[in-house]
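This report refers to the structure that appears directly beneath it.
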Amino acid sequence: VENLDLGVSYFGNRISGHYAALDLPEIVNHGCNFVVHTLSEEDFWFYPETMRELIDLSHQAGLNVFLDPWGVGGVFAGETFSRFLLDEPKAWQINSAGAWVPKACLRSPIFREFMQKWTNLAIELNTDGILWDEPQLSLPVNEQLAELNLTCCCLECRDTYWQQYREVMPAEVTPNVLKFREDTVIDFLEEICGHANRFGLKNAICLKATEDITQGVNDWDRVADIHGLDILGVTPFWHLYGQDPKAFVGYWAKRVAAICAPRGIESQVWLQGFQIGAGREMEILHASEAAIQAGVTNLAVWGIYGCSHMSALSSERPAEVWKVVGDTFNQLRARK
Ligand SMILES: [Zn+2]
């Protein structure tokens, strides 16, 4: 495979000496050429210069660096909390039943301003790119479509909806509502990707592997067409969703590869390296092969060490998981 990009996410440690001595060599000898550092709101406020050290060390080891707005505003994926939501209750989403939802509205000017500041820090820290990780609107879980308490129905959203459709925003899922929600996500992504792109950063967006139309974005071509997008990825976490690794990962890998190829952007597949059950570690190899066969050229695993250092995400035998990741990545490199 030509031009193979292989990477891993890194989080849970902010002691740069530990990173340099132990973790960074592991990342390199596991065949990675890039690392995704989470840059949570906690990092934004309390660790900016520490993050600069981690990023500089990564660069010195020859790795490309992506930063991930981990859990920022409750909008992106991440096992962390948001201070923005405490500071700015007016920026919360409101669902169709009128209840406050602790996630920032993607149309909120206050949230967009905060995302600018976050991106500016990422730029100052000299990252190569940003991974916009599973951006989405809030989802109700396990309910029938008709009863969905959809977001966002805040004043800002309802006002914009009225201007576009000249009708009061309905509480149920209509074609207009679905289109409006998609517009909300796309418009937000265009703004943040545009900002990063103007400063020469790469933009990667990864989407959840779901066909659920209420997620927000249904038309992935619209995401792929965002100006300044370099990488479109998907997170087909087969074990999490109770799916077959080859079939499930293969299906989603084909889908992103087919969208990316004609546009000349890179396709990325995230491999599940967390919560892997004992004896199922080799599925990471099978999933990787399915993705490569589908034409995907960028593989990343979440996260380092089989997530042994985060009990909520740890695999049953994280050392085994991490070994399979290294064997898989180094095998793929050798094939080249
Ligand atoms: Zn809103």
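The chains in the structure tokens are called A, B, ... from first to last as shown; in each chain the residues are counted from 1, and the ligands are counted from 1 in the order shown.
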
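Each residue with an atom within 7 Å of any atom of ligand 1 appears in the list, which was built counting only C-alpha atoms and all ligand atoms: Gln93, Ile94, Cys105, Leu106, Arg107, Ser108, Cys152, Cys153, Cys154, Leu155, Glu156 and Cys157 of chain A.
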
Under the rule of at most 12 Å, produce a per-residue listing of segment 103-124 of chain A near segment 199-211 of chain A: chain, number, name, the closest pair of atoms, and the distance in Å, as CSV, using only C-alpha atoms.
residue,atom,partner,partner_atom,distance
A:Thr119,CA,A:Phe199,CA,9.9
A:Asn120,CA,A:Phe199,CA,9.2
A:Leu121,CA,A:Phe199,CA,11.7
A:Ala122,CA,A:Leu201,CA,9.3
A:Ile123,CA,A:Phe199,CA,7.2
A:Glu124,CA,A:Phe199,CA,10.0

Can you write out the residues you just picked, keeping C-alpha atoms, as a PDB file, in the first residue's frame?
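Resulting contents of selection.pdb:
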ATOM      1  CA  THR A 119      -8.610  26.475  16.977  1.00  0.00           C
ATOM      2  CA  ASN A 120      -6.306  29.460  17.499  1.00  0.00           C
ATOM      3  CA  LEU A 121      -4.607  27.598  20.330  1.00  0.00           C
ATOM      4  CA  ALA A 122      -4.228  24.526  18.100  1.00  0.00           C
ATOM      5  CA  ILE A 123      -2.609  26.753  15.467  1.00  0.00           C
ATOM      6  CA  GLU A 124      -0.264  28.345  18.017  1.00  0.00           C
TER       7      GLU A 124
END

Quiz prompt | Among listed residues A:Gln136, A:Ser96, A:Ala253, A:Gln215, nearest Val168 of chain A (using only C-alpha atoms) | solution =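 Distance minimum relative to Val168 of chain A lands on A:Ser96.
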
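Around segment 275-279 of chain A, within 8 Å and counting only C-alpha atoms, the residues found are His239, Leu240, Gln272, Gly273, Glu281, Met282, Gly306, Cys307, Leu313, Ser314, Ser315, Glu316, Arg317, Pro318 and Val321 of chain A, once anything fewer than 2 positions away on its own chain is removed.
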
Please save all heavy atoms of the selected residues as an mmCIF file, in the first residue's frame.
data_model
loop_
_atom_site.group_PDB
_atom_site.id
_atom_site.type_symbol
_atom_site.label_atom_id
_atom_site.label_comp_id
_atom_site.auth_asym_id
_atom_site.auth_seq_id
_atom_site.Cartn_x
_atom_site.Cartn_y
_atom_site.Cartn_z
ATOM 1 N N HIS A 239 -16.988 -3.922 17.645
ATOM 2 C CA HIS A 239 -17.206 -4.625 18.911
ATOM 3 C C HIS A 239 -18.272 -3.870 19.722
ATOM 4 O O HIS A 239 -19.196 -4.452 20.283
ATOM 5 C CB HIS A 239 -15.878 -4.679 19.667
ATOM 6 C CG HIS A 239 -15.801 -5.737 20.720
ATOM 7 N ND1 HIS A 239 -16.907 -6.239 21.362
ATOM 8 C CD2 HIS A 239 -14.742 -6.398 21.266
ATOM 9 C CE1 HIS A 239 -16.522 -7.139 22.253
ATOM 10 N NE2 HIS A 239 -15.216 -7.258 22.203
ATOM 11 N N LEU A 240 -18.155 -2.549 19.724
ATOM 12 C CA LEU A 240 -19.091 -1.687 20.449
ATOM 13 C C LEU A 240 -20.525 -1.872 19.935
ATOM 14 O O LEU A 240 -21.478 -1.883 20.706
ATOM 15 C CB LEU A 240 -18.653 -0.223 20.268
ATOM 16 C CG LEU A 240 -19.356 0.860 21.081
ATOM 17 C CD1 LEU A 240 -19.066 0.691 22.568
ATOM 18 C CD2 LEU A 240 -18.907 2.242 20.616
ATOM 19 N N GLN A 272 -11.221 -0.016 16.486
ATOM 20 C CA GLN A 272 -11.542 -0.084 17.912
ATOM 21 C C GLN A 272 -10.414 -0.763 18.668
ATOM 22 O O GLN A 272 -10.150 -1.951 18.470
ATOM 23 C CB GLN A 272 -12.861 -0.836 18.131
ATOM 24 C CG GLN A 272 -13.245 -0.882 19.603
ATOM 25 C CD GLN A 272 -14.647 -1.419 19.839
ATOM 26 O OE1 GLN A 272 -15.423 -1.589 18.905
ATOM 27 N NE2 GLN A 272 -14.964 -1.683 21.096
ATOM 28 N N GLY A 273 -9.763 0.019 19.533
ATOM 29 C CA GLY A 273 -8.702 -0.535 20.378
ATOM 30 C C GLY A 273 -9.094 -0.469 21.841
ATOM 31 O O GLY A 273 -8.266 -0.659 22.724
ATOM 32 N N GLU A 281 -8.742 -10.091 20.186
ATOM 33 C CA GLU A 281 -7.763 -9.067 19.796
ATOM 34 C C GLU A 281 -7.426 -9.108 18.302
ATOM 35 O O GLU A 281 -7.211 -8.064 17.687
ATOM 36 C CB GLU A 281 -6.483 -9.218 20.629
ATOM 37 C CG GLU A 281 -6.673 -8.953 22.123
ATOM 38 C CD GLU A 281 -7.193 -10.172 22.893
ATOM 39 O OE1 GLU A 281 -7.336 -11.261 22.284
ATOM 40 O OE2 GLU A 281 -7.452 -10.047 24.108
ATOM 41 N N MET A 282 -7.395 -10.332 17.716
ATOM 42 C CA MET A 282 -7.016 -10.446 16.306
ATOM 43 C C MET A 282 -8.029 -9.778 15.368
ATOM 44 O O MET A 282 -7.752 -9.563 14.185
ATOM 45 C CB MET A 282 -6.838 -11.919 15.915
ATOM 46 C CG MET A 282 -5.573 -12.562 16.467
ATOM 47 S SD MET A 282 -4.064 -11.667 15.999
ATOM 48 C CE MET A 282 -3.865 -12.271 14.321
ATOM 49 N N GLY A 306 -4.255 -0.153 24.124
ATOM 50 C CA GLY A 306 -5.554 -0.811 24.311
ATOM 51 C C GLY A 306 -6.381 -0.128 25.377
ATOM 52 O O GLY A 306 -7.304 -0.695 25.938
ATOM 53 N N CYS A 307 -6.030 1.156 25.634
ATOM 54 C CA CYS A 307 -6.703 1.993 26.641
ATOM 55 C C CYS A 307 -6.585 1.409 28.059
ATOM 56 O O CYS A 307 -7.480 1.575 28.885
ATOM 57 C CB CYS A 307 -8.163 2.253 26.277
ATOM 58 S SG CYS A 307 -8.346 3.148 24.723
ATOM 59 N N LEU A 313 -12.623 2.538 29.511
ATOM 60 C CA LEU A 313 -12.439 2.156 28.107
ATOM 61 C C LEU A 313 -11.539 0.938 27.928
ATOM 62 O O LEU A 313 -11.437 0.394 26.823
ATOM 63 C CB LEU A 313 -11.798 3.312 27.319
ATOM 64 C CG LEU A 313 -12.669 4.470 26.855
ATOM 65 C CD1 LEU A 313 -11.860 5.370 25.921
ATOM 66 C CD2 LEU A 313 -13.925 3.982 26.132
ATOM 67 N N SER A 314 -10.891 0.498 28.988
ATOM 68 C CA SER A 314 -9.844 -0.526 28.847
ATOM 69 C C SER A 314 -10.370 -1.811 28.213
ATOM 70 O O SER A 314 -11.502 -2.236 28.447
ATOM 71 C CB SER A 314 -9.256 -0.849 30.223
ATOM 72 O OG SER A 314 -8.225 -1.816 30.071
ATOM 73 N N SER A 315 -9.520 -2.414 27.410
ATOM 74 C CA SER A 315 -9.804 -3.748 26.902
ATOM 75 C C SER A 315 -9.539 -4.754 28.015
ATOM 76 O O SER A 315 -8.876 -4.435 29.001
ATOM 77 C CB SER A 315 -8.905 -4.038 25.696
ATOM 78 O OG SER A 315 -9.170 -3.118 24.662
ATOM 79 N N GLU A 316 -10.070 -5.985 27.827
ATOM 80 C CA GLU A 316 -9.850 -6.993 28.873
ATOM 81 C C GLU A 316 -8.383 -7.382 28.977
ATOM 82 O O GLU A 316 -7.865 -7.611 30.067
ATOM 83 C CB GLU A 316 -10.716 -8.227 28.599
ATOM 84 C CG GLU A 316 -12.129 -8.059 29.129
ATOM 85 C CD GLU A 316 -13.013 -9.269 28.871
ATOM 86 O OE1 GLU A 316 -12.491 -10.383 28.685
ATOM 87 O OE2 GLU A 316 -14.233 -9.081 28.839
ATOM 88 N N ARG A 317 -7.736 -7.495 27.817
ATOM 89 C CA ARG A 317 -6.291 -7.785 27.800
ATOM 90 C C ARG A 317 -5.599 -6.713 26.959
ATOM 91 O O ARG A 317 -5.187 -6.966 25.823
ATOM 92 C CB ARG A 317 -6.042 -9.178 27.208
ATOM 93 C CG ARG A 317 -6.744 -10.297 27.992
ATOM 94 C CD ARG A 317 -6.235 -11.658 27.585
ATOM 95 N NE ARG A 317 -6.469 -11.895 26.143
ATOM 96 C CZ ARG A 317 -6.100 -13.024 25.513
ATOM 97 N NH1 ARG A 317 -5.494 -13.989 26.179
ATOM 98 N NH2 ARG A 317 -6.340 -13.166 24.227
ATOM 99 N N PRO A 318 -5.503 -5.494 27.524
ATOM 100 C CA PRO A 318 -5.015 -4.361 26.728
ATOM 101 C C PRO A 318 -3.618 -4.576 26.150
ATOM 102 O O PRO A 318 -3.341 -4.108 25.042
ATOM 103 C CB PRO A 318 -5.043 -3.188 27.718
ATOM 104 C CG PRO A 318 -5.174 -3.790 29.070
ATOM 105 C CD PRO A 318 -5.862 -5.097 28.893
ATOM 106 N N VAL A 321 -4.040 -6.357 22.968
ATOM 107 C CA VAL A 321 -4.580 -5.446 21.950
ATOM 108 C C VAL A 321 -3.461 -4.593 21.367
ATOM 109 O O VAL A 321 -3.314 -4.465 20.148
ATOM 110 C CB VAL A 321 -5.677 -4.541 22.562
ATOM 111 C CG1 VAL A 321 -6.041 -3.394 21.621
ATOM 112 C CG2 VAL A 321 -6.914 -5.363 22.913
#

Quiz item: Among segment 167-322 of chain A, which residues carry a DSSP assignment of strand (DSSP E), reported as a ChimeraX atom specification?
Solution: /A:202-208,229-235,266-272,298-302

Exercise. Considering only C-alpha atoms, return as a ChimeraX atom specification whatever protein or nucleic-acid residues lie within 10 Å of segment 68-85 of chain A, sequence-local ones (same chain, fewer than 2 positions apart) excluded.
Key: /A:9-11,36-45,65-66,87-92,101-106,110-111,114-115,118-119,122,129-138,204,208,310,312-313

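Between atom CA of Ala247 of chain A and atom CA of Val35 of chain A there is a distance of 26.9 Å.
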
Self-check item: Selection near Glu289 of chain A, 12 Å with only C-alpha atoms, sequence-local residues under 5 positions removed, as a PyMOL selection string
Solution: chain A and resi 1+245-247+249-250+253+269+271+282-284+294-299+328-329+331-332+335

Could you please take those selected residues and save N, CA and C atoms as a JSON list (two decimals), in the first residue's frame?
[["chain", "number", "residue", "atom", "x", "y", "z"],
["A", 1, "VAL", "N", 0.86, -1.20, 0.00],
["A", 1, "VAL", "CA", 0.00, 0.00, 0.00],
["A", 1, "VAL", "C", 0.89, 1.24, 0.00],
["A", 245, "PRO", "N", -16.37, -7.85, 12.48],
["A", 245, "PRO", "CA", -15.31, -6.88, 12.13],
["A", 245, "PRO", "C", -15.10, -6.72, 10.63],
["A", 246, "LYS", "N", -15.00, -7.85, 9.91],
["A", 246, "LYS", "CA", -14.71, -7.75, 8.48],
["A", 246, "LYS", "C", -15.85, -7.09, 7.72],
["A", 247, "ALA", "N", -17.08, -7.59, 7.95],
["A", 247, "ALA", "CA", -18.22, -7.10, 7.18],
["A", 247, "ALA", "C", -18.53, -5.64, 7.51],
["A", 249, "VAL", "N", -16.66, -3.25, 9.15],
["A", 249, "VAL", "CA", -15.59, -2.30, 8.82],
["A", 249, "VAL", "C", -15.44, -2.20, 7.30],
["A", 250, "GLY", "N", -15.56, -3.35, 6.62],
["A", 250, "GLY", "CA", -15.46, -3.34, 5.16],
["A", 250, "GLY", "C", -16.53, -2.46, 4.53],
["A", 253, "ALA", "N", -15.74, 1.21, 5.29],
["A", 253, "ALA", "CA", -14.50, 1.59, 4.61],
["A", 253, "ALA", "C", -14.76, 1.83, 3.13],
["A", 269, "VAL", "N", -10.08, 5.23, 8.45],
["A", 269, "VAL", "CA", -10.91, 4.33, 9.27],
["A", 269, "VAL", "C", -10.31, 4.24, 10.67],
["A", 271, "LEU", "N", -10.00, 2.28, 14.08],
["A", 271, "LEU", "CA", -10.11, 0.91, 14.57],
["A", 271, "LEU", "C", -10.41, 0.93, 16.06],
["A", 282, "MET", "N", -7.40, -10.33, 17.72],
["A", 282, "MET", "CA", -7.02, -10.45, 16.31],
["A", 282, "MET", "C", -8.03, -9.78, 15.37],
["A", 283, "GLU", "N", -9.21, -9.48, 15.89],
["A", 283, "GLU", "CA", -10.20, -8.79, 15.05],
["A", 283, "GLU", "C", -9.68, -7.44, 14.55],
["A", 284, "ILE", "N", -8.73, -6.87, 15.29],
["A", 284, "ILE", "CA", -8.14, -5.60, 14.86],
["A", 284, "ILE", "C", -7.38, -5.79, 13.54],
["A", 294, "ALA", "N", -10.60, -2.22, 0.97],
["A", 294, "ALA", "CA", -11.61, -1.29, 0.45],
["A", 294, "ALA", "C", -10.97, -0.04, -0.15],
["A", 295, "GLY", "N", -9.67, 0.08, -0.01],
["A", 295, "GLY", "CA", -8.98, 1.23, -0.60],
["A", 295, "GLY", "C", -8.67, 2.35, 0.36],
["A", 296, "VAL", "N", -8.88, 2.10, 1.65],
["A", 296, "VAL", "CA", -8.59, 3.13, 2.65],
["A", 296, "VAL", "C", -7.07, 3.20, 2.87],
["A", 297, "THR", "N", -6.54, 4.41, 2.97],
["A", 297, "THR", "CA", -5.08, 4.58, 3.08],
["A", 297, "THR", "C", -4.65, 5.16, 4.42],
["A", 298, "ASN", "N", -5.61, 5.37, 5.31],
["A", 298, "ASN", "CA", -5.31, 5.98, 6.59],
["A", 298, "ASN", "C", -6.04, 5.20, 7.69],
["A", 299, "LEU", "N", -5.28, 4.55, 8.54],
["A", 299, "LEU", "CA", -5.85, 3.78, 9.65],
["A", 299, "LEU", "C", -5.38, 4.37, 10.97],
["A", 328, "THR", "N", 0.03, -5.52, 13.40],
["A", 328, "THR", "CA", -0.77, -5.18, 12.22],
["A", 328, "THR", "C", -0.15, -4.02, 11.46],
["A", 329, "PHE", "N", 0.15, -2.96, 12.17],
["A", 329, "PHE", "CA", 0.69, -1.76, 11.50],
["A", 329, "PHE", "C", 2.05, -2.06, 10.86],
["A", 331, "GLN", "N", 3.18, -4.96, 9.89],
["A", 331, "GLN", "CA", 2.95, -5.84, 8.73],
["A", 331, "GLN", "C", 2.51, -5.05, 7.52],
["A", 332, "LEU", "N", 1.60, -4.13, 7.72],
["A", 332, "LEU", "CA", 1.09, -3.32, 6.61],
["A", 332, "LEU", "C", 2.23, -2.48, 6.01],
["A", 335, "ARG", "N", 4.49, -4.68, 3.85],
["A", 335, "ARG", "CA", 3.87, -5.05, 2.57],
["A", 335, "ARG", "C", 4.16, -4.02, 1.49]]
